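Visitor: Pasting protein.csv here (CSV, N, CA, C and O atoms):
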chain,number,residue,atom,x,y,z
A,1,MET,N,38.2,125.1,71.6
A,1,MET,CA,38.3,124.3,72.8
A,1,MET,C,36.9,124.3,73.5
A,1,MET,O,36.3,125.4,73.7
A,2,PRO,N,36.3,123.2,73.9
A,2,PRO,CA,35.0,123.1,74.6
A,2,PRO,C,35.1,123.8,75.9
A,2,PRO,O,36.1,123.7,76.6
A,3,THR,N,34.1,124.5,76.3
A,3,THR,CA,34.0,125.1,77.6
A,3,THR,C,32.9,124.5,78.4
A,3,THR,O,32.1,123.8,77.8
A,4,SER,N,32.9,124.7,79.7
A,4,SER,CA,31.9,124.1,80.5
A,4,SER,C,31.4,125.2,81.5
A,4,SER,O,32.2,125.9,82.1
A,5,ALA,N,30.1,125.5,81.5
A,5,ALA,CA,29.5,126.5,82.3
A,5,ALA,C,28.4,126.0,83.2
A,5,ALA,O,27.5,125.4,82.7
A,6,PRO,N,28.6,126.2,84.5
A,6,PRO,CA,27.5,125.7,85.4
A,6,PRO,C,26.3,126.5,85.4
A,6,PRO,O,26.4,127.7,85.4
A,7,VAL,N,25.1,125.9,85.4
A,7,VAL,CA,23.8,126.5,85.4
A,7,VAL,C,23.0,125.8,86.4
A,7,VAL,O,23.2,124.6,86.8
A,8,THR,N,21.9,126.4,87.0
A,8,THR,CA,21.0,125.8,87.9
A,8,THR,C,19.8,125.4,87.1
A,8,THR,O,19.2,126.2,86.4
A,9,VAL,N,19.4,124.2,87.3
A,9,VAL,CA,18.2,123.6,86.7
A,9,VAL,C,17.1,123.3,87.7
A,9,VAL,O,17.4,122.6,88.7
A,10,LEU,N,16.0,124.0,87.6
A,10,LEU,CA,14.9,123.7,88.6
A,10,LEU,C,14.0,122.6,88.0
A,10,LEU,O,13.6,122.6,86.9
A,11,ILE,N,13.8,121.6,88.9
A,11,ILE,CA,13.2,120.3,88.5
A,11,ILE,C,11.8,120.3,89.0
A,11,ILE,O,11.5,120.4,90.1
A,12,PRO,N,10.8,120.0,88.0
A,12,PRO,CA,9.4,119.9,88.5
A,12,PRO,C,9.2,118.6,89.3
A,12,PRO,O,9.9,117.6,89.2
A,13,THR,N,8.1,118.6,90.1
A,13,THR,CA,7.8,117.5,91.0
A,13,THR,C,7.8,116.2,90.3
A,13,THR,O,8.3,115.2,90.8
A,14,LEU,N,7.2,116.1,89.1
A,14,LEU,CA,7.0,114.8,88.4
A,14,LEU,C,8.4,114.2,87.9
A,14,LEU,O,8.4,113.0,87.7
A,15,LEU,N,9.4,115.1,87.8
A,15,LEU,CA,10.7,114.5,87.4
A,15,LEU,C,11.7,114.3,88.5
A,15,LEU,O,12.7,113.7,88.3
A,16,ARG,N,11.3,114.8,89.7
A,16,ARG,CA,12.3,114.6,90.8
A,16,ARG,C,12.6,113.2,91.2
A,16,ARG,O,13.8,112.9,91.6
A,17,PRO,N,11.7,112.2,91.0
A,17,PRO,CA,12.1,110.8,91.3
A,17,PRO,C,13.3,110.4,90.5
A,17,PRO,O,14.1,109.5,90.9
A,18,TYR,N,13.5,110.9,89.3
A,18,TYR,CA,14.7,110.5,88.5
A,18,TYR,C,16.0,111.2,88.9
A,18,TYR,O,17.0,110.9,88.4
A,19,LEU,N,15.9,112.2,89.8
A,19,LEU,CA,17.0,112.9,90.3
A,19,LEU,C,17.1,112.9,91.8
A,19,LEU,O,17.4,113.9,92.5
A,20,ASP,N,16.8,111.7,92.4
A,20,ASP,CA,16.9,111.5,93.9
A,20,ASP,C,16.1,112.5,94.7
A,20,ASP,O,16.5,112.8,95.8
A,21,GLY,N,15.0,112.9,94.1
A,21,GLY,CA,14.1,113.8,94.8
A,21,GLY,C,14.5,115.3,94.8
A,21,GLY,O,13.8,116.1,95.5
A,22,ARG,N,15.5,115.6,94.2
A,22,ARG,CA,16.0,117.0,94.2
A,22,ARG,C,15.1,118.0,93.4
A,22,ARG,O,14.6,117.6,92.4
A,23,SER,N,15.0,119.2,94.0
A,23,SER,CA,14.2,120.2,93.3
A,23,SER,C,15.0,121.1,92.4
A,23,SER,O,14.5,121.8,91.5
A,24,GLU,N,16.3,121.0,92.6
A,24,GLU,CA,17.2,121.7,91.7
A,24,GLU,C,18.5,121.0,91.6
A,24,GLU,O,18.9,120.3,92.5
A,25,ILE,N,19.2,121.2,90.5
A,25,ILE,CA,20.5,120.5,90.3
A,25,ILE,C,21.4,121.5,89.5
A,25,ILE,O,20.9,122.3,88.7
A,26,SER,N,22.7,121.4,89.8
A,26,SER,CA,23.6,122.2,89.0
A,26,SER,C,24.2,121.4,87.9
A,26,SER,O,24.6,120.2,88.2
A,27,VAL,N,24.2,121.9,86.7
A,27,VAL,CA,24.7,121.1,85.6
A,27,VAL,C,25.7,122.0,84.8
A,27,VAL,O,25.5,123.2,84.6
A,28,SER,N,26.8,121.3,84.4
A,28,SER,CA,27.7,122.0,83.5
A,28,SER,C,27.3,121.8,82.1
A,28,SER,O,27.1,120.7,81.7
A,29,VAL,N,27.2,122.9,81.3
A,29,VAL,CA,26.8,122.8,79.9
A,29,VAL,C,28.1,122.9,79.1
A,29,VAL,O,28.8,123.9,79.1
A,30,ALA,N,28.4,121.8,78.4
A,30,ALA,CA,29.6,121.7,77.5
A,30,ALA,C,29.3,122.2,76.1
A,30,ALA,O,28.1,122.4,75.8
A,31,GLY,N,30.3,122.3,75.3
A,31,GLY,CA,30.1,122.6,73.9
A,31,GLY,C,29.6,124.0,73.7
A,31,GLY,O,30.2,125.0,74.2
A,32,HIS,N,28.6,124.1,72.9
A,32,HIS,CA,28.0,125.4,72.5
A,32,HIS,C,27.2,126.1,73.6
A,32,HIS,O,26.8,127.2,73.5
A,33,GLY,N,26.9,125.3,74.7
A,33,GLY,CA,26.2,125.9,75.8
A,33,GLY,C,24.8,126.2,75.5
A,33,GLY,O,24.3,127.3,75.8
A,34,ASP,N,24.1,125.3,74.8
A,34,ASP,CA,22.7,125.5,74.5
A,34,ASP,C,21.8,124.6,75.3
A,34,ASP,O,22.3,123.7,76.0
A,35,VAL,N,20.5,124.7,75.1
A,35,VAL,CA,19.5,123.9,75.8
A,35,VAL,C,19.7,122.4,75.5
A,35,VAL,O,19.7,121.5,76.3
A,36,SER,N,20.0,122.1,74.2
A,36,SER,CA,20.2,120.7,73.8
A,36,SER,C,21.4,120.1,74.6
A,36,SER,O,21.3,119.0,75.1
A,37,ALA,N,22.5,120.8,74.7
A,37,ALA,CA,23.7,120.3,75.4
A,37,ALA,C,23.3,120.2,76.9
A,37,ALA,O,23.8,119.2,77.6
A,38,LEU,N,22.6,121.1,77.5
A,38,LEU,CA,22.1,121.0,78.9
A,38,LEU,C,21.3,119.7,79.1
A,38,LEU,O,21.6,119.0,80.0
A,39,LEU,N,20.4,119.5,78.2
A,39,LEU,CA,19.6,118.3,78.3
A,39,LEU,C,20.4,117.0,78.1
A,39,LEU,O,20.1,116.0,78.8
A,40,ASP,N,21.4,117.1,77.3
A,40,ASP,CA,22.3,115.9,77.1
A,40,ASP,C,23.0,115.6,78.4
A,40,ASP,O,23.1,114.5,78.8
A,41,GLY,N,23.5,116.6,79.1
A,41,GLY,CA,24.2,116.5,80.4
A,41,GLY,C,23.2,116.0,81.4
A,41,GLY,O,23.6,115.1,82.2
A,42,LEU,N,22.0,116.6,81.5
A,42,LEU,CA,21.0,116.2,82.5
A,42,LEU,C,20.6,114.7,82.3
A,42,LEU,O,20.4,114.0,83.3
A,43,GLY,N,20.4,114.3,81.1
A,43,GLY,CA,19.9,113.0,80.8
A,43,GLY,C,21.0,111.9,80.8
A,43,GLY,O,20.7,110.7,80.7
A,44,GLU,N,22.3,112.3,80.8
A,44,GLU,CA,23.4,111.3,80.8
A,44,GLU,C,23.3,110.4,82.0
A,44,GLU,O,23.2,110.8,83.1
A,45,GLY,N,23.1,109.1,81.7
A,45,GLY,CA,23.0,108.1,82.7
A,45,GLY,C,21.6,108.0,83.3
A,45,GLY,O,21.3,107.3,84.2
A,46,ARG,N,20.7,108.8,82.8
A,46,ARG,CA,19.3,108.8,83.2
A,46,ARG,C,18.3,108.7,82.0
A,46,ARG,O,17.6,109.7,81.7
A,47,PRO,N,18.3,107.6,81.3
A,47,PRO,CA,17.5,107.5,80.1
A,47,PRO,C,16.0,107.7,80.3
A,47,PRO,O,15.3,108.3,79.5
A,48,LEU,N,15.5,107.3,81.5
A,48,LEU,CA,14.1,107.5,81.8
A,48,LEU,C,13.7,109.0,81.9
A,48,LEU,O,12.7,109.5,81.5
A,49,LEU,N,14.6,109.8,82.5
A,49,LEU,CA,14.4,111.2,82.6
A,49,LEU,C,14.4,111.8,81.2
A,49,LEU,O,13.6,112.6,80.9
A,50,ASP,N,15.4,111.5,80.4
A,50,ASP,CA,15.5,112.0,79.1
A,50,ASP,C,14.2,111.7,78.3
A,50,ASP,O,13.7,112.6,77.6
A,51,GLN,N,13.7,110.5,78.4
A,51,GLN,CA,12.5,110.1,77.7
A,51,GLN,C,11.3,110.9,78.1
A,51,GLN,O,10.4,111.1,77.3
A,52,ARG,N,11.3,111.4,79.3
A,52,ARG,CA,10.1,112.2,79.8
A,52,ARG,C,10.2,113.7,79.3
A,52,ARG,O,9.2,114.4,79.3
A,53,ILE,N,11.4,114.1,78.9
A,53,ILE,CA,11.6,115.5,78.4
A,53,ILE,C,11.6,115.6,76.9
A,53,ILE,O,11.0,116.5,76.3
A,54,ARG,N,12.3,114.6,76.3
A,54,ARG,CA,12.4,114.7,74.8
A,54,ARG,C,11.9,113.4,74.1
A,54,ARG,O,11.9,112.3,74.7
A,55,GLU,N,11.4,113.6,72.9
A,55,GLU,CA,11.0,112.5,72.0
A,55,GLU,C,12.2,111.8,71.5
A,55,GLU,O,13.3,112.2,71.6
A,56,GLU,N,11.9,110.7,70.8
A,56,GLU,CA,13.0,109.9,70.3
A,56,GLU,C,13.8,110.7,69.2
A,56,GLU,O,15.0,110.4,69.0
A,57,THR,N,13.2,111.6,68.6
A,57,THR,CA,13.9,112.5,67.6
A,57,THR,C,14.8,113.5,68.2
A,57,THR,O,15.5,114.2,67.6
A,58,GLY,N,14.6,113.7,69.6
A,58,GLY,CA,15.4,114.7,70.3
A,58,GLY,C,14.7,116.0,70.5
A,58,GLY,O,15.1,116.8,71.3
A,59,ALA,N,13.5,116.1,69.9
A,59,ALA,CA,12.7,117.3,70.1
A,59,ALA,C,12.0,117.3,71.5
A,59,ALA,O,11.8,116.2,72.1
A,60,LEU,N,11.7,118.5,72.0
A,60,LEU,CA,11.0,118.6,73.3
A,60,LEU,C,9.6,117.9,73.1
A,60,LEU,O,9.0,118.1,72.1
A,61,ARG,N,9.2,117.2,74.1
A,61,ARG,CA,7.8,116.7,74.2
A,61,ARG,C,6.9,117.9,74.2
A,61,ARG,O,7.2,118.9,74.8
A,62,ARG,N,5.7,117.8,73.6
A,62,ARG,CA,4.9,119.0,73.5
A,62,ARG,C,4.4,119.5,74.9
A,62,ARG,O,4.0,120.6,75.0
A,63,TYR,N,4.3,118.6,75.9
A,63,TYR,CA,3.8,119.0,77.2
A,63,TYR,C,5.0,119.5,78.1
A,63,TYR,O,4.8,119.8,79.3
A,64,VAL,N,6.2,119.6,77.6
A,64,VAL,CA,7.3,120.1,78.4
A,64,VAL,C,7.7,121.5,77.9
A,64,VAL,O,7.9,121.7,76.7
A,65,ASN,N,7.8,122.4,78.8
A,65,ASN,CA,8.3,123.8,78.5
A,65,ASN,C,9.6,124.0,79.3
A,65,ASN,O,9.7,123.6,80.4
A,66,ILE,N,10.5,124.7,78.6
A,66,ILE,CA,11.8,125.0,79.2
A,66,ILE,C,12.0,126.5,79.1
A,66,ILE,O,11.8,127.1,78.0
A,67,TYR,N,12.4,127.1,80.2
A,67,TYR,CA,12.6,128.5,80.3
A,67,TYR,C,14.1,128.8,80.7
A,67,TYR,O,14.6,128.1,81.6
A,68,VAL,N,14.8,129.7,80.0
A,68,VAL,CA,16.1,130.1,80.4
A,68,VAL,C,16.0,131.5,80.9
A,68,VAL,O,15.6,132.4,80.1
A,69,ASP,N,16.3,131.7,82.1
A,69,ASP,CA,16.2,133.0,82.8
A,69,ASP,C,14.8,133.6,82.5
A,69,ASP,O,14.7,134.8,82.2
A,70,GLY,N,13.8,132.8,82.6
A,70,GLY,CA,12.4,133.3,82.5
A,70,GLY,C,11.9,133.4,81.0
A,70,GLY,O,10.7,133.7,80.8
A,71,GLU,N,12.7,133.1,80.0
A,71,GLU,CA,12.3,133.2,78.6
A,71,GLU,C,12.0,131.8,78.1
A,71,GLU,O,12.8,130.9,78.2
A,72,ASP,N,10.8,131.6,77.5
A,72,ASP,CA,10.4,130.3,76.9
A,72,ASP,C,11.3,130.0,75.7
A,72,ASP,O,11.3,130.8,74.7
A,73,VAL,N,12.0,128.9,75.7
A,73,VAL,CA,12.9,128.6,74.6
A,73,VAL,C,12.2,128.4,73.3
A,73,VAL,O,12.8,128.6,72.2
A,74,ARG,N,10.9,128.0,73.3
A,74,ARG,CA,10.1,127.9,72.1
A,74,ARG,C,9.9,129.2,71.4
A,74,ARG,O,9.7,129.3,70.2
A,75,ARG,N,10.0,130.3,72.1
A,75,ARG,CA,9.9,131.6,71.5
A,75,ARG,C,11.3,132.2,71.1
A,75,ARG,O,11.4,133.3,70.6
A,76,LEU,N,12.3,131.5,71.5
A,76,LEU,CA,13.7,131.9,71.1
A,76,LEU,C,14.2,131.0,70.0
A,76,LEU,O,13.6,130.9,69.0
A,77,ASP,N,15.3,130.2,70.3
A,77,ASP,CA,15.9,129.4,69.3
A,77,ASP,C,15.7,127.9,69.6
A,77,ASP,O,16.5,127.0,69.3
A,78,GLY,N,14.6,127.6,70.4
A,78,GLY,CA,14.3,126.2,70.7
A,78,GLY,C,15.4,125.5,71.5
A,78,GLY,O,16.0,126.1,72.4
A,79,LEU,N,15.8,124.3,71.1
A,79,LEU,CA,16.9,123.6,71.7
A,79,LEU,C,18.2,124.3,71.5
A,79,LEU,O,19.2,124.0,72.2
A,80,GLY,N,18.3,125.2,70.5
A,80,GLY,CA,19.5,125.9,70.2
A,80,GLY,C,19.7,127.2,71.0
A,80,GLY,O,20.7,127.9,70.9
A,81,THR,N,18.7,127.4,71.9
A,81,THR,CA,18.8,128.6,72.8
A,81,THR,C,20.0,128.6,73.7
A,81,THR,O,20.3,127.6,74.3
A,82,ALA,N,20.8,129.7,73.7
A,82,ALA,CA,22.0,129.7,74.5
A,82,ALA,C,21.7,129.7,76.0
A,82,ALA,O,20.6,130.2,76.4
A,83,VAL,N,22.5,129.0,76.7
A,83,VAL,CA,22.4,128.9,78.2
A,83,VAL,C,23.7,129.4,78.8
A,83,VAL,O,24.6,128.7,79.0
A,84,PRO,N,23.7,130.8,79.1
A,84,PRO,CA,25.0,131.3,79.6
A,84,PRO,C,25.3,130.8,81.0
A,84,PRO,O,24.4,130.4,81.8
A,85,ALA,N,26.6,130.9,81.4
A,85,ALA,CA,27.0,130.5,82.7
A,85,ALA,C,26.2,131.3,83.7
A,85,ALA,O,25.9,132.5,83.5
A,86,GLY,N,25.8,130.7,84.8
A,86,GLY,CA,25.0,131.3,85.9
A,86,GLY,C,23.5,131.4,85.6
A,86,GLY,O,22.8,131.9,86.4
A,87,SER,N,23.1,130.9,84.5
A,87,SER,CA,21.6,131.0,84.2
A,87,SER,C,20.8,130.1,85.1
A,87,SER,O,21.4,129.1,85.6
A,88,THR,N,19.5,130.3,85.1
A,88,THR,CA,18.6,129.4,85.8
A,88,THR,C,17.7,128.9,84.7
A,88,THR,O,17.1,129.7,84.0
A,89,VAL,N,17.6,127.6,84.6
A,89,VAL,CA,16.8,126.9,83.6
A,89,VAL,C,15.6,126.2,84.4
A,89,VAL,O,15.9,125.5,85.4
A,90,MET,N,14.4,126.5,84.0
A,90,MET,CA,13.2,125.9,84.6
A,90,MET,C,12.6,124.9,83.6
A,90,MET,O,12.4,125.3,82.5
A,91,ILE,N,12.3,123.7,84.1
A,91,ILE,CA,11.6,122.7,83.3
A,91,ILE,C,10.2,122.6,83.9
A,91,ILE,O,10.1,122.4,85.1
A,92,ILE,N,9.2,122.8,83.0
A,92,ILE,CA,7.8,122.7,83.5
A,92,ILE,C,7.1,121.7,82.6
A,92,ILE,O,7.2,121.7,81.4
A,93,GLN,N,6.4,120.8,83.3
A,93,GLN,CA,5.6,119.8,82.6
A,93,GLN,C,4.1,120.1,82.8
A,93,GLN,O,3.7,120.4,83.9
A,94,SER,N,3.4,120.1,81.7
A,94,SER,CA,2.0,120.3,81.8
A,94,SER,C,1.3,119.0,82.3
A,94,SER,O,1.8,117.9,81.9
A,95,VAL,N,0.3,119.1,83.1
A,95,VAL,CA,-0.3,117.9,83.6
A,95,VAL,C,-1.8,118.1,83.2
A,95,VAL,O,-2.5,119.0,83.4
A,96,ALA,N,-2.3,117.1,82.4
A,96,ALA,CA,-3.7,117.1,82.0
A,96,ALA,C,-4.4,116.0,82.8
A,96,ALA,O,-3.9,115.0,83.2
A,97,GLY,N,-5.7,116.3,83.0
A,97,GLY,CA,-6.5,115.4,83.7
A,97,GLY,C,-7.9,115.3,83.1
A,97,GLY,O,-8.3,116.1,82.3
A,98,GLY,N,-8.6,114.4,83.5
A,98,GLY,CA,-9.9,114.2,82.9
A,98,GLY,C,-11.0,113.9,83.9
A,98,GLY,O,-10.8,113.7,85.0
For the structure just supplied, provide its representation as structure tokens.
Guide:
Amino acid sequence: MPTSAPVTVLIPTLLRPYLDGRSEISVSVAGHGDVSALLDGLGEGRPLLDQRIREETGALRRYVNIYVDGEDVRRLDGLGTAVPAGSTVMIIQSVAGG
């Protein structure tokens, strides 16, 4: 039976316009409760937001870092990293300039 667990997602400044200016949002993570499911829920109905976070293949864009309770998901199980109920997920975008 699929479960749903609410988590807090901290939104970086560059992505806030896609979420009505909010700096954080509560998202229910369905299914296996991993980062991929969280991003599916966050991007549902927001295709431009999803495009800023993930490539067409579904992989994280190289300039986007995601942390679950302070741990970089790239050092864990990537998009398969578990997101337990009550977790805080931080999305960070690198900004390059010249």
Visitor: Using all atoms listed in the file, find the one residue out of A:Ile66, A:Ile91, A:Ile11, A:Leu79 that sits nearest to Ala37 in chain A.
Guide: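 Answer, going by the shortest atom-to-atom distance: A:Leu79.
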Visitor: Any idea what's packed within 12 Å of Ala82 in chain A, counting only C-alpha atoms, ignoring anything in its chain fewer than 6 positions away? Could you give it as a list in words?
Guide: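 My list of contacting residues is Ala5, Val7, Val29, Ala30, Gly31, His32, Gly33, Asp34, Val35, Ser36, Ala37, Leu38, Tyr67, Val68, Asp69, Glu71, Asp72, Val73, Leu76, Thr88 and Val89 of chain A.
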Visitor: Those residues with N, CA, C and O atoms, as a compact mmCIF listing (two decimals), keeping the file's coordinate frame please?
Guide:
# COMPACT_ATOMS: atom_id res chain seq x y z
N ALA A 5 30.10 125.50 81.50
CA ALA A 5 29.50 126.50 82.30
C ALA A 5 28.40 126.00 83.20
O ALA A 5 27.50 125.40 82.70
N VAL A 7 25.10 125.90 85.40
CA VAL A 7 23.80 126.50 85.40
C VAL A 7 23.00 125.80 86.40
O VAL A 7 23.20 124.60 86.80
N VAL A 29 27.20 122.90 81.30
CA VAL A 29 26.80 122.80 79.90
C VAL A 29 28.10 122.90 79.10
O VAL A 29 28.80 123.90 79.10
N ALA A 30 28.40 121.80 78.40
CA ALA A 30 29.60 121.70 77.50
C ALA A 30 29.30 122.20 76.10
O ALA A 30 28.10 122.40 75.80
N GLY A 31 30.30 122.30 75.30
CA GLY A 31 30.10 122.60 73.90
C GLY A 31 29.60 124.00 73.70
O GLY A 31 30.20 125.00 74.20
N HIS A 32 28.60 124.10 72.90
CA HIS A 32 28.00 125.40 72.50
C HIS A 32 27.20 126.10 73.60
O HIS A 32 26.80 127.20 73.50
N GLY A 33 26.90 125.30 74.70
CA GLY A 33 26.20 125.90 75.80
C GLY A 33 24.80 126.20 75.50
O GLY A 33 24.30 127.30 75.80
N ASP A 34 24.10 125.30 74.80
CA ASP A 34 22.70 125.50 74.50
C ASP A 34 21.80 124.60 75.30
O ASP A 34 22.30 123.70 76.00
N VAL A 35 20.50 124.70 75.10
CA VAL A 35 19.50 123.90 75.80
C VAL A 35 19.70 122.40 75.50
O VAL A 35 19.70 121.50 76.30
N SER A 36 20.00 122.10 74.20
CA SER A 36 20.20 120.70 73.80
C SER A 36 21.40 120.10 74.60
O SER A 36 21.30 119.00 75.10
N ALA A 37 22.50 120.80 74.70
CA ALA A 37 23.70 120.30 75.40
C ALA A 37 23.30 120.20 76.90
O ALA A 37 23.80 119.20 77.60
N LEU A 38 22.60 121.10 77.50
CA LEU A 38 22.10 121.00 78.90
C LEU A 38 21.30 119.70 79.10
O LEU A 38 21.60 119.00 80.00
N TYR A 67 12.40 127.10 80.20
CA TYR A 67 12.60 128.50 80.30
C TYR A 67 14.10 128.80 80.70
O TYR A 67 14.60 128.10 81.60
N VAL A 68 14.80 129.70 80.00
CA VAL A 68 16.10 130.10 80.40
C VAL A 68 16.00 131.50 80.90
O VAL A 68 15.60 132.40 80.10
N ASP A 69 16.30 131.70 82.10
CA ASP A 69 16.20 133.00 82.80
C ASP A 69 14.80 133.60 82.50
O ASP A 69 14.70 134.80 82.20
N GLU A 71 12.70 133.10 80.00
CA GLU A 71 12.30 133.20 78.60
C GLU A 71 12.00 131.80 78.10
O GLU A 71 12.80 130.90 78.20
N ASP A 72 10.80 131.60 77.50
CA ASP A 72 10.40 130.30 76.90
C ASP A 72 11.30 130.00 75.70
O ASP A 72 11.30 130.80 74.70
N VAL A 73 12.00 128.90 75.70
CA VAL A 73 12.90 128.60 74.60
C VAL A 73 12.20 128.40 73.30
O VAL A 73 12.80 128.60 72.20
N LEU A 76 12.30 131.50 71.50
CA LEU A 76 13.70 131.90 71.10
C LEU A 76 14.20 131.00 70.00
O LEU A 76 13.60 130.90 69.00
N THR A 88 19.50 130.30 85.10
CA THR A 88 18.60 129.40 85.80
C THR A 88 17.70 128.90 84.70
O THR A 88 17.10 129.70 84.00
N VAL A 89 17.60 127.60 84.60
CA VAL A 89 16.80 126.90 83.60
C VAL A 89 15.60 126.20 84.40
O VAL A 89 15.90 125.50 85.40
Visitor: Which value, in Å to one decimal, gives the distance between CA of Leu19 in chain A and CA of Gly70 in chain A?
Guide: 22.3 Å
Visitor: So, with only C-alpha atoms as the atoms that count, which of A:Val27, A:Ile92, A:Leu15, A:Leu49 lies closest to Asn65 in chain A?
Guide: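 With only C-alpha atoms as the atom set, the closest residue is A:Ile92.
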Visitor: As a PyMOL selection string, please: every residue in chain A that a backbone DSSP assignment puts in alpha helix (DSSP H).
Guide: chain A and resi 35-43+47-53
Visitor: Between A:Gly45, A:Gln51, A:Tyr63, A:Thr8, which has the minimum distance to Val95 in chain A (counting all atoms listed in the file)?
Guide: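 Selected residue with least distance to Val95 in chain A: A:Tyr63.
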Visitor: Find the residue from A:Leu14, A:Ala59, A:Val64, A:Ile25 that sits nearest to Gly41 in chain A; use only C-alpha atoms when measuring.
Guide: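 Checking each candidate against Gly41 in chain A, we get A:Ile25 as the closest.
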